[in-house]
>>> print(open('final20.tsv').read())   # TSV, C-alpha atoms
chain	number	residue	atom	x	y	z
A	1	MET	CA	34.14	63.15	210.44
A	2	LYS	CA	34.49	60.58	213.26
A	3	SER	CA	33.12	57.83	210.99
A	4	ILE	CA	35.89	58.51	208.44
A	5	PRO	CA	39.07	56.54	209.19
A	6	SER	CA	42.00	58.61	210.35
A	7	LEU	CA	44.09	57.26	207.48
A	8	ASP	CA	41.65	58.68	204.92
A	9	ARG	CA	41.54	62.03	206.72
A	10	TYR	CA	45.32	62.12	206.75
A	11	ILE	CA	45.63	61.34	203.03
A	12	PHE	CA	42.90	63.89	202.27
A	13	ARG	CA	44.89	66.64	204.01
A	14	LEU	CA	48.06	65.60	202.21
A	15	VAL	CA	46.33	65.74	198.82
A	16	ILE	CA	44.02	68.74	199.11
A	17	LEU	CA	46.54	71.39	200.17
A	18	PRO	CA	49.07	70.98	197.31
A	19	MET	CA	46.20	70.38	194.87
A	20	LEU	CA	44.58	73.71	195.71
A	21	GLY	CA	47.98	75.41	195.64
A	22	VAL	CA	48.84	74.05	192.19
A	23	PHE	CA	45.39	74.94	190.91
A	24	ALA	CA	45.70	78.52	192.17
A	25	ILE	CA	49.22	78.95	190.80
A	26	ALA	CA	48.39	77.48	187.38
A	27	ALA	CA	45.21	79.54	187.01
A	28	SER	CA	46.99	82.70	188.19
A	29	LEU	CA	49.85	82.28	185.73
A	30	LEU	CA	47.46	81.74	182.84
A	31	LEU	CA	45.35	84.73	183.84
A	32	LEU	CA	48.35	87.00	184.39
A	33	ASP	CA	49.69	86.21	180.94
A	34	LYS	CA	46.31	86.98	179.40
A	35	MET	CA	45.85	90.08	181.57
A	36	LEU	CA	48.90	91.78	180.07
A	37	ARG	CA	47.60	91.19	176.55
A	38	LEU	CA	44.13	92.42	177.48
A	39	PHE	CA	45.47	95.60	179.05
A	40	ASP	CA	47.37	96.33	175.82
A	41	PHE	CA	44.29	95.54	173.74
A	42	VAL	CA	41.96	97.72	175.84
A	43	ALA	CA	44.47	100.57	175.84
A	44	VAL	CA	44.71	100.47	172.04
A	45	GLU	CA	40.93	100.36	171.65
A	46	GLY	CA	40.48	103.16	174.20
A	47	GLY	CA	38.08	101.25	176.40
A	48	PRO	CA	37.53	101.34	180.19
A	49	VAL	CA	39.94	99.38	182.38
A	50	GLY	CA	37.09	97.57	184.13
A	51	VAL	CA	36.32	95.53	181.02
A	52	VAL	CA	39.68	93.77	181.42
A	53	PHE	CA	38.51	92.09	184.62
A	54	LYS	CA	35.17	91.15	183.03
A	55	MET	CA	37.04	89.46	180.17
A	56	LEU	CA	39.37	87.69	182.60
A	57	GLY	CA	36.37	86.46	184.56
A	58	ALA	CA	34.91	85.02	181.37
A	59	LEU	CA	38.15	83.11	180.77
A	60	ILE	CA	38.30	81.51	184.24
A	61	PRO	CA	36.17	78.44	183.26
A	62	GLU	CA	38.39	77.79	180.23
A	63	TYR	CA	41.60	77.97	182.27
A	64	ALA	CA	40.03	76.02	185.15
A	65	SER	CA	39.33	73.07	182.85
A	66	LEU	CA	43.08	72.94	182.15
A	67	ALA	CA	44.26	73.62	185.69
A	68	ILE	CA	41.98	71.10	187.43
A	69	PRO	CA	43.57	67.92	185.95
A	70	LEU	CA	47.06	69.31	186.53
A	71	GLY	CA	46.24	70.28	190.11
A	72	LEU	CA	44.70	66.85	190.77
A	73	LEU	CA	47.75	65.06	189.40
A	74	LEU	CA	50.33	67.09	191.30
A	75	GLY	CA	48.28	67.09	194.50
A	76	ILE	CA	48.19	63.28	194.63
A	77	LEU	CA	51.78	62.99	193.42
A	78	LEU	CA	53.19	65.33	196.05
A	79	ALA	CA	51.14	63.65	198.78
A	80	PHE	CA	52.46	60.17	197.96
A	81	ARG	CA	55.95	61.50	197.43
A	82	LYS	CA	55.88	62.88	200.96
A	83	LEU	CA	54.70	59.51	202.26
A	84	ALA	CA	57.49	57.77	200.35
A	85	THR	CA	60.36	60.07	201.33
A	86	SER	CA	59.33	60.03	205.01
A	87	SER	CA	59.11	56.18	204.99
A	88	GLU	CA	55.44	56.36	206.04
A	89	LEU	CA	54.50	54.56	202.84
A	90	ASP	CA	56.77	51.63	203.75
A	91	VAL	CA	55.04	51.33	207.12
A	92	MET	CA	51.59	51.40	205.52
A	93	ARG	CA	52.59	48.75	203.01
A	94	ALA	CA	54.15	46.63	205.77
A	95	VAL	CA	50.88	46.49	207.70
A	96	GLY	CA	49.02	45.26	204.63
A	97	LEU	CA	47.62	48.43	203.09
A	98	SER	CA	47.51	48.13	199.30
A	99	TYR	CA	47.84	50.99	196.86
A	100	GLY	CA	44.19	50.49	195.98
A	101	ARG	CA	43.23	51.14	199.60
A	102	LEU	CA	45.49	54.19	199.78
A	103	LEU	CA	43.94	55.57	196.59
A	104	ARG	CA	40.38	55.45	197.96
A	105	VAL	CA	40.30	59.12	198.99
A	106	PRO	CA	42.18	60.38	195.88
A	107	TYR	CA	39.61	58.63	193.69
A	108	ILE	CA	36.74	60.21	195.61
A	109	ILE	CA	38.35	63.61	195.00
A	110	THR	CA	38.84	62.65	191.35
A	111	ALA	CA	35.16	61.76	190.93
A	112	VAL	CA	34.09	65.12	192.36
A	113	LEU	CA	36.51	67.04	190.12
A	114	MET	CA	35.43	65.04	187.07
A	115	ALA	CA	31.83	66.12	187.72
A	116	VAL	CA	32.99	69.73	188.07
A	117	ASN	CA	34.98	69.48	184.84
A	118	VAL	CA	31.99	68.00	182.98
A	119	ALA	CA	29.91	71.01	184.02
A	120	LEU	CA	32.72	73.34	182.96
A	121	VAL	CA	33.56	71.96	179.52
A	122	PHE	CA	30.01	71.11	178.44
A	123	TYR	CA	28.01	74.03	179.88
A	124	VAL	CA	29.87	76.84	181.65
A	125	GLN	CA	32.85	77.17	179.33
A	126	PRO	CA	30.90	77.53	176.04
A	127	VAL	CA	28.66	80.26	177.49
A	128	SER	CA	31.54	82.13	179.12
A	129	ARG	CA	33.56	81.95	175.89
A	130	TYR	CA	30.67	83.50	173.99
A	131	TYR	CA	30.44	86.24	176.63
A	132	TYR	CA	34.17	86.92	176.19
A	133	GLU	CA	33.78	87.23	172.41
A	134	GLN	CA	30.82	89.58	172.95
A	135	LEU	CA	32.86	91.83	175.24
A	136	GLU	CA	35.68	91.91	172.70
A	137	TYR	CA	33.27	92.81	169.90
A	138	GLU	CA	31.63	95.58	171.91
A	139	LEU	CA	35.05	96.96	172.81
A	140	ARG	CA	36.12	97.05	169.17
A	141	SER	CA	32.84	98.64	168.08
A	142	GLY	CA	32.90	101.31	170.78
A	143	ALA	CA	29.78	100.10	172.58
A	144	LEU	CA	31.68	99.94	175.87
A	145	GLY	CA	32.41	103.63	175.86
A	146	ALA	CA	35.69	103.74	173.97
A	147	SER	CA	36.80	107.37	173.92
A	148	ILE	CA	38.25	109.50	171.17
A	149	LYS	CA	42.01	109.28	171.52
A	150	VAL	CA	43.75	112.55	172.38
A	151	GLY	CA	46.35	113.68	169.87
A	152	GLU	CA	45.13	111.34	167.10
A	153	PHE	CA	42.75	111.73	164.18
A	154	THR	CA	39.49	109.80	164.67
A	155	THR	CA	37.16	109.07	161.77
A	156	LEU	CA	33.43	109.25	162.53
A	157	ALA	CA	30.72	108.06	160.13
A	158	ASP	CA	33.28	108.07	157.26
A	159	ARG	CA	32.63	111.78	156.63
A	160	MET	CA	34.20	113.46	159.59
A	161	ALA	CA	37.74	113.52	160.93
A	162	LEU	CA	38.26	114.85	164.45
A	163	ARG	CA	41.38	115.64	166.43
A	164	ILE	CA	41.64	116.88	170.02
A	165	ASP	CA	44.87	118.21	171.51
A	166	SER	CA	44.00	117.75	175.18
A	167	SER	CA	41.20	116.64	177.46
A	168	GLU	CA	40.36	117.82	180.97
A	169	ASP	CA	37.80	117.05	183.67
A	170	ASP	CA	37.38	113.40	182.54
A	171	GLY	CA	36.67	114.40	178.96
A	172	ARG	CA	34.09	117.07	179.74
A	173	ARG	CA	36.38	119.88	178.59
A	174	LEU	CA	38.25	119.60	175.31
A	175	ARG	CA	40.98	121.91	174.05
A	176	GLY	CA	42.60	122.44	170.68
A	177	ILE	CA	39.88	120.96	168.47
A	178	PHE	CA	40.13	120.45	164.72
A	179	ALA	CA	37.35	118.88	162.62
A	180	ARG	CA	36.99	118.26	158.91
A	181	VAL	CA	33.47	117.54	157.68
A	182	ALA	CA	32.42	116.58	154.13
A	183	ASP	CA	28.88	116.24	152.73
A	184	ASP	CA	27.32	114.56	149.70
A	185	LYS	CA	27.57	117.75	147.60
A	186	GLY	CA	31.36	117.89	147.85
A	187	GLN	CA	31.40	120.73	150.35
A	188	VAL	CA	34.14	120.53	152.97
A	189	LEU	CA	34.17	122.35	156.29
A	190	SER	CA	37.44	122.74	158.17
A	191	ILE	CA	36.71	123.78	161.73
A	192	SER	CA	39.14	124.76	164.46
A	193	ALA	CA	38.17	125.81	167.97
A	194	ALA	CA	39.90	126.64	171.22
A	195	GLU	CA	37.53	124.64	173.42
A	196	GLY	CA	34.60	122.28	173.14
A	197	ALA	CA	32.41	119.73	174.89
A	198	PHE	CA	30.20	116.80	173.92
A	199	LEU	CA	26.49	117.17	174.72
A	200	ALA	CA	23.79	114.51	174.51
A	201	THR	CA	20.54	115.12	172.63
A	202	SER	CA	17.16	114.05	173.97
A	203	ASP	CA	15.40	113.71	170.61
A	204	SER	CA	17.99	111.46	168.88
A	205	PRO	CA	20.09	109.01	170.91
A	206	ASP	CA	22.21	108.25	167.82
A	207	THR	CA	23.38	111.86	167.55
A	208	ILE	CA	25.51	113.96	169.89
A	209	ILE	CA	26.40	117.63	169.78
A	210	LEU	CA	29.97	118.89	169.81
A	211	ARG	CA	29.66	122.46	171.17
A	212	LEU	CA	32.66	124.50	170.01
A	213	THR	CA	33.83	127.80	171.49
A	214	ASP	CA	36.00	130.56	169.94
A	215	GLY	CA	36.92	129.14	166.59
A	216	THR	CA	37.01	129.48	162.80
A	217	ILE	CA	35.19	127.72	159.97
A	218	VAL	CA	36.69	127.45	156.50
A	219	GLN	CA	34.03	126.52	153.93
A	220	ASP	CA	35.38	125.02	150.70
A	221	THR	CA	32.83	124.34	147.96
A	222	GLY	CA	35.45	123.50	145.35
A	223	GLU	CA	34.17	126.13	142.88
A	224	GLN	CA	35.07	129.47	144.42
A	225	THR	CA	37.32	131.03	146.99
A	226	PRO	CA	36.77	129.38	150.39
A	227	ARG	CA	34.82	131.42	152.88
A	228	VAL	CA	36.20	132.01	156.36
A	229	LEU	CA	33.83	132.51	159.27
A	230	SER	CA	34.62	133.20	162.93
A	231	PHE	CA	32.32	132.14	165.74
A	232	THR	CA	31.98	132.45	169.47
A	233	ARG	CA	29.88	129.30	169.81
A	234	HIS	CA	28.98	126.69	167.22
A	235	ASP	CA	27.09	123.40	167.63
A	236	LEU	CA	28.31	120.59	165.39
A	237	PRO	CA	26.00	117.54	165.23
A	238	ILE	CA	27.80	114.19	165.02
A	239	ASP	CA	26.06	111.01	163.94
A	240	LEU	CA	27.30	108.09	166.00
A	241	PRO	CA	28.31	105.04	164.00
A	242	ALA	CA	25.71	102.31	164.05
A	243	VAL	CA	26.71	99.33	166.15
A	244	GLU	CA	25.58	96.06	164.66
A	245	GLU	CA	24.04	93.48	166.95
A	246	PHE	CA	26.50	90.81	168.01
A	247	ARG	CA	26.16	87.43	166.35
A	248	ALA	CA	24.28	84.56	167.91
A	249	ARG	CA	26.14	81.98	169.98
A	250	GLY	CA	27.58	79.11	167.92
A	251	ASP	CA	30.04	80.75	165.54
A	252	ALA	CA	32.55	78.09	166.65
A	253	GLU	CA	31.96	74.59	168.01
A	254	ARG	CA	33.54	75.48	171.34
A	255	GLU	CA	30.51	77.75	172.01
A	256	TYR	CA	28.04	74.85	171.84
A	257	ILE	CA	26.81	73.21	175.03
A	258	LEU	CA	26.37	69.43	175.25
A	259	PRO	CA	22.78	69.11	173.88
A	260	GLU	CA	23.68	71.33	170.93
A	261	LEU	CA	26.80	69.29	170.14
A	262	LEU	CA	24.80	66.07	170.17
A	263	ARG	CA	22.02	67.56	168.03
A	264	ILE	CA	24.33	69.07	165.40
A	265	GLY	CA	26.98	66.35	165.36
A	266	TRP	CA	24.55	63.52	164.58
A	267	SER	CA	21.91	65.36	162.53
A	268	GLU	CA	21.37	64.55	158.85
A	269	SER	CA	20.08	68.08	158.21
A	270	THR	CA	23.46	69.74	158.88
A	271	THR	CA	26.42	69.81	156.52
A	272	GLN	CA	29.19	67.23	156.72
A	273	ALA	CA	31.73	69.87	157.74
A	274	LYS	CA	29.49	71.00	160.61
A	275	ARG	CA	28.97	67.41	161.76
A	276	ASP	CA	32.70	66.68	161.67
A	277	ALA	CA	33.54	69.77	163.70
A	278	SER	CA	30.82	69.09	166.29
A	279	GLN	CA	31.77	65.43	166.70
A	280	ALA	CA	35.45	66.39	167.05
A	281	SER	CA	34.62	68.94	169.74
A	282	PHE	CA	32.40	66.47	171.61
A	283	ASN	CA	35.00	63.70	171.60
A	284	PHE	CA	37.77	66.12	172.59
A	285	ARG	CA	35.83	67.28	175.64
A	286	MET	CA	34.90	63.72	176.59
A	287	VAL	CA	38.45	62.39	176.35
A	288	GLU	CA	39.78	65.30	178.40
A	289	VAL	CA	37.32	64.49	181.18
A	290	VAL	CA	37.81	60.71	181.12
A	291	MET	CA	41.57	61.22	181.17
A	292	MET	CA	41.24	62.54	184.72
A	293	ALA	CA	40.40	59.01	185.93
A	294	LEU	CA	43.99	58.02	185.10
A	295	MET	CA	45.60	60.80	187.10
A	296	PRO	CA	45.73	58.99	190.48
A	297	LEU	CA	47.45	55.97	188.91
A	298	LEU	CA	49.96	58.16	187.07
A	299	ALA	CA	50.61	60.19	190.21
A	300	VAL	CA	51.43	57.12	192.31
A	301	ALA	CA	53.61	55.64	189.56
A	302	LEU	CA	55.75	58.78	189.40
A	303	ALA	CA	55.62	59.85	193.04
A	304	ILE	CA	57.83	57.17	194.57
A	305	PRO	CA	61.55	57.76	194.01
A	306	PRO	CA	64.16	54.98	194.21
A	307	LYS	CA	65.29	53.88	197.66
A	308	ARG	CA	67.70	56.25	199.41
A	309	SER	CA	66.83	58.92	196.85
A	310	THR	CA	64.87	62.16	196.99
A	311	SER	CA	64.76	62.69	193.25
A	312	ALA	CA	61.90	64.89	192.01
A	313	LEU	CA	62.20	63.69	188.41
A	314	GLY	CA	58.71	62.19	188.58
A	315	VAL	CA	57.16	65.62	189.09
A	316	PHE	CA	58.80	66.91	185.92
A	317	VAL	CA	57.90	63.80	183.92
A	318	SER	CA	54.26	63.97	185.03
A	319	ILE	CA	53.86	67.56	183.85
A	320	VAL	CA	55.52	66.78	180.52
A	321	MET	CA	53.28	63.74	179.96
A	322	VAL	CA	50.01	65.54	180.73
A	323	VAL	CA	50.86	68.64	178.68
A	324	ALA	CA	52.11	66.56	175.74
A	325	TYR	CA	48.97	64.41	175.81
A	326	HIS	CA	46.79	67.55	175.89
A	327	LYS	CA	48.59	68.87	172.80
A	328	VAL	CA	48.09	65.53	171.03
A	329	ASN	CA	44.37	65.77	171.77
A	330	GLN	CA	44.24	69.30	170.39
A	331	TYR	CA	45.93	68.14	167.19
A	332	GLY	CA	43.53	65.21	166.95
A	333	GLU	CA	40.56	67.56	167.33
A	334	ASP	CA	41.89	69.84	164.60
A	335	ILE	CA	42.40	67.11	162.00
A	336	ALA	CA	39.07	65.49	162.92
A	337	ALA	CA	37.25	68.83	162.58
A	338	LEU	CA	38.66	69.17	159.07
A	339	GLY	CA	37.25	65.76	158.14
A	340	ARG	CA	40.67	64.22	157.54
A	341	PHE	CA	40.35	61.64	160.30
A	342	ASP	CA	37.57	59.93	162.19
A	343	PRO	CA	37.09	61.69	165.58
A	344	ILE	CA	37.00	58.39	167.48
A	345	LEU	CA	40.30	57.23	165.99
A	346	ALA	CA	41.95	60.64	166.25
A	347	LEU	CA	41.11	61.10	169.94
A	348	TRP	CA	40.41	57.73	171.53
A	349	VAL	CA	43.35	55.78	170.07
A	350	PRO	CA	45.87	58.14	171.76
A	351	PHE	CA	43.79	57.83	174.94
A	352	VAL	CA	43.99	54.02	174.87
A	353	LEU	CA	47.75	54.15	174.32
A	354	PHE	CA	48.17	56.72	177.11
A	355	ALA	CA	45.98	54.66	179.44
A	356	ALA	CA	47.93	51.46	178.66
A	357	LEU	CA	51.19	53.24	179.46
A	358	ILE	CA	49.86	54.55	182.78
A	359	VAL	CA	48.41	51.16	183.79
A	360	TRP	CA	51.76	49.50	183.03
A	361	MET	CA	53.60	52.14	185.09
A	362	TYR	CA	51.20	51.65	188.00
A	363	TYR	CA	51.51	47.86	187.81
A	364	LYS	CA	55.29	48.21	187.83
A	365	ILE	CA	55.34	50.30	191.00
A	366	ALA	CA	52.50	48.48	192.82
A	367	TYR	CA	53.04	44.80	192.04
A	368	VAL	CA	56.68	44.36	190.97
A	369	PRO	CA	59.07	44.27	193.97
A	370	GLY	CA	61.49	47.17	193.63
A	371	GLY	CA	59.85	48.20	190.37
A	372	GLN	CA	60.51	51.65	189.01
A	373	PRO	CA	58.62	52.63	185.81
A	374	ILE	CA	61.12	55.40	185.09
A	375	GLY	CA	64.11	53.64	186.61
A	376	ALA	CA	66.28	54.16	183.53
A	377	LEU	CA	65.45	57.87	183.54
A	378	GLU	CA	66.21	58.06	187.27
A	379	THR	CA	69.62	56.44	186.73
A	380	ALA	CA	70.48	58.73	183.83
A	381	PHE	CA	69.26	61.76	185.76
A	382	ALA	CA	71.33	60.80	188.81
A	383	LYS	CA	74.47	60.42	186.67
A	384	LEU	CA	73.84	63.74	184.95
A	385	ALA	CA	73.23	65.51	188.27
A	386	GLY	CA	76.43	64.02	189.68
A	387	ARG	CA	78.48	65.22	186.74
A	388	LEU	CA	76.97	68.70	186.97
A	389	ARG	CA	77.76	68.89	190.69
A	390	LYS	CA	81.29	67.77	189.99
A	391	LEU	CA	81.67	70.25	187.16
A	392	PHE	CA	80.25	73.31	188.93
A	393	GLY	CA	81.00	72.39	192.52
A	394	ARG	CA	83.62	74.39	194.36
A	395	ARG	CA	86.85	72.61	195.09
A	396	ARG	CA	88.07	72.81	198.66
A	397	PRO	CA	91.52	74.43	198.72
A	398	ALA	CA	94.24	72.07	199.95
A	399	ARG	CA	95.73	72.82	203.37
A	400	ALA	CA	99.41	73.18	204.04
A	401	GLY	CA	101.10	69.78	203.93
A	402	GLU	CA	97.98	68.11	202.48
A	403	PRO	CA	98.39	66.50	199.06
A	404	ALA	CA	96.29	67.99	196.29
A	405	PRO	CA	93.41	65.84	194.96
A	406	ALA	CA	94.28	63.72	191.96
A	407	GLU	CA	93.00	64.87	188.61
>>> encode(input="final20.tsv", output="structure tokens")
Amino acid sequence: MKSIPSLDRYIFRLVILPMLGVFAIAASLLLLDKMLRLFDFVAVEGGPVGVVFKMLGALIPEYASLAIPLGLLLGILLAFRKLATSSELDVMRAVGLSYGRLLRVPYIITAVLMAVNVALVFYVQPVSRYYYEQLEYELRSGALGASIKVGEFTTLADRMALRIDSSEDDGRRLRGIFARVADDKGQVLSISAAEGAFLATSDSPDTIILRLTDGTIVQDTGEQTPRVLSFTRHDLPIDLPAVEEFRARGDAEREYILPELLRIGWSESTTQAKRDASQASFNFRMVEVVMMALMPLLAVALAIPPKRSTSALGVFVSIVMVVAYHKVNQYGEDIAALGRFDPILALWVPFVLFAALIVWMYYKIAYVPGGQPIGALETAFAKLAGRLRKLFGRRRPARAGEPAPAE
């Protein structure tokens, strides 16, 4: 650490703290929004609560690939904004430090995060997304231990309807049981019992026994008067529904890792639609990673407010620009995947335009004396803020003998 200049250590501290804070906040908000939906989904499917956290864990790489660029941008922006508003930036510039020198540490951080994002979008994210889809499939199919819902009719193996009034002792004791069973010969059994319990069988893992206590069986053959039988204990075998094996990874292009995208996207043996979708996904991931190299320049261009101003308009504009550009990339990927547009044109032309805009904004702030890339927006925002303060500000009541303010 002693070999690192104190200036670089200082800028590193200014950047890393807000960057980690923004990353944590952004990832938490995305996960919390998804958590509420997953809790509803798991409750409807009757699955265990623990699967919610497994599914959220599988989504972390996907949300991290979105939160990392945003955290990098705002971390650098807030660091340089602090330098600007405290006049430290003026001192650094006065002693001959260029913006390129000040951006040395932010670009080192950017290079590290770009490597992390490459690993996420090309390797970790596709595998974790497939794991998420697998958990969702197993939850829907009942492989994760989804229970029979109390107070509702549940259909088993298409020939049996079961309803349970109440459950005790974590499902080991059932009360108020009604079952309706039909066979291939048209015979229907209507069974009601006061209590019951599910028992496993050692000879057939695909069959369980529902042991009923104190109940009645009504046997309806459809040809004669139904027979009514009473029982003290009756074992009812239940065939568990077969759970199909989950599909192989690669149902969607976002589940392919980098070697698979390259192999499928440029292979003559695959269909044109498959090649278009794979090439669109590859170019989308590449452009999202390369875009991170522009974040330090954009952050500096929007971090420095006009003189004698503490406006935070640049923070708002930066978020809008990055989110809007991400949505443009998503649209470009969609139309390229459908074969309506070349992936390179659909994704790299917006990147070139976005990069040209950022370079111009950086040149304006770094090399034009008094330059402000969003100066017109700053002026309009200042006028609007002044009018709002005047409109909603409290008027000081006039004192005795003091003339009232002119309208």
>>> residues_around(input="final20.tsv", residues="Val15 in chain A", least_positions_apart="4", cutoff="12 Å", atoms="only C-alpha atoms", output="PyMOL selection string")
chain A and resi 8-11+19-22+71-83+102-110+296+299-300
>>> atom_distance(input="final20.tsv", atom1="CA of Leu388 in chain A", atom2="CA of Ile374 in chain A")
20.8 Å
>>> atom_distance(input="final20.tsv", atom1="CA of Glu62 in chain A", atom2="CA of Leu313 in chain A")
28.9 Å
>>> atom_distance(input="final20.tsv", atom1="CA of Val359 in chain A", atom2="CA of Leu298 in chain A")
7.9 Å
>>> residues_around(input="final20.tsv", residues="Asp334 in chain A", least_positions_apart="2", cutoff="12 Å", atoms="all atoms listed in the file", output="compact mmCIF listing (two decimals) with C-alpha atoms, in the frame of the given file")
# COMPACT_ATOMS: atom_id res chain seq x y z
CA GLU A 253 31.96 74.59 168.01
CA ASP A 276 32.70 66.68 161.67
CA ALA A 277 33.54 69.77 163.70
CA SER A 278 30.82 69.09 166.29
CA GLN A 279 31.77 65.43 166.70
CA ALA A 280 35.45 66.39 167.05
CA SER A 281 34.62 68.94 169.74
CA ASN A 283 35.00 63.70 171.60
CA PHE A 284 37.77 66.12 172.59
CA LYS A 327 48.59 68.87 172.80
CA VAL A 328 48.09 65.53 171.03
CA ASN A 329 44.37 65.77 171.77
CA GLN A 330 44.24 69.30 170.39
CA TYR A 331 45.93 68.14 167.19
CA GLY A 332 43.53 65.21 166.95
CA ALA A 336 39.07 65.49 162.92
CA ALA A 337 37.25 68.83 162.58
CA LEU A 338 38.66 69.17 159.07
CA GLY A 339 37.25 65.76 158.14
CA ARG A 340 40.67 64.22 157.54
CA PHE A 341 40.35 61.64 160.30
CA ASP A 342 37.57 59.93 162.19
CA PRO A 343 37.09 61.69 165.58
CA ALA A 346 41.95 60.64 166.25
CA LEU A 347 41.11 61.10 169.94
>>> residues_around(input="final20.tsv", residues="Ala58 in chain A", least_positions_apart="6", cutoff="10 Å", atoms="all atoms listed in the file", output="PyMOL selection string")
chain A and resi 52+124-125+127-133+135
>>> write_last_selection(input="final20.tsv", atoms="C-alpha atoms", output="PDB file, keeping the file's coordinate frame")
ATOM      1  CA  VAL A  52      39.680  93.770 181.420  1.00  0.00           C
ATOM      2  CA  VAL A 124      29.870  76.840 181.650  1.00  0.00           C
ATOM      3  CA  GLN A 125      32.850  77.170 179.330  1.00  0.00           C
ATOM      4  CA  VAL A 127      28.660  80.260 177.490  1.00  0.00           C
ATOM      5  CA  SER A 128      31.540  82.130 179.120  1.00  0.00           C
ATOM      6  CA  ARG A 129      33.560  81.950 175.890  1.00  0.00           C
ATOM      7  CA  TYR A 130      30.670  83.500 173.990  1.00  0.00           C
ATOM      8  CA  TYR A 131      30.440  86.240 176.630  1.00  0.00           C
ATOM      9  CA  TYR A 132      34.170  86.920 176.190  1.00  0.00           C
ATOM     10  CA  GLU A 133      33.780  87.230 172.410  1.00  0.00           C
ATOM     11  CA  LEU A 135      32.860  91.830 175.240  1.00  0.00           C
TER      12      LEU A 135
END
>>> residues_around(input="final20.tsv", residues="Pro305 in chain A", least_positions_apart="2", cutoff="12 Å", atoms="all atoms listed in the file", output="PyMOL selection string")
chain A and resi 77-78+80-87+89+299-303+307-315+365+370-375+377-379+381-382
>>> residues_around(input="final20.tsv", residues="Ala67 in chain A", least_positions_apart="5", cutoff="8 Å", atoms="only C-alpha atoms", output="ChimeraX atom specification")
/A:22-23,26-27
>>> closest_residue(input="final20.tsv", among="A:Ala119, A:Ala273, A:Ala252, A:Ile304", to="Met361 in chain A", atoms="only C-alpha atoms")
A:Ile304
>>> closest_residue(input="final20.tsv", among="A:Tyr99, A:Leu139, A:Val118, A:His326", to="Leu38 in chain A", atoms="all atoms listed in the file")
A:Leu139
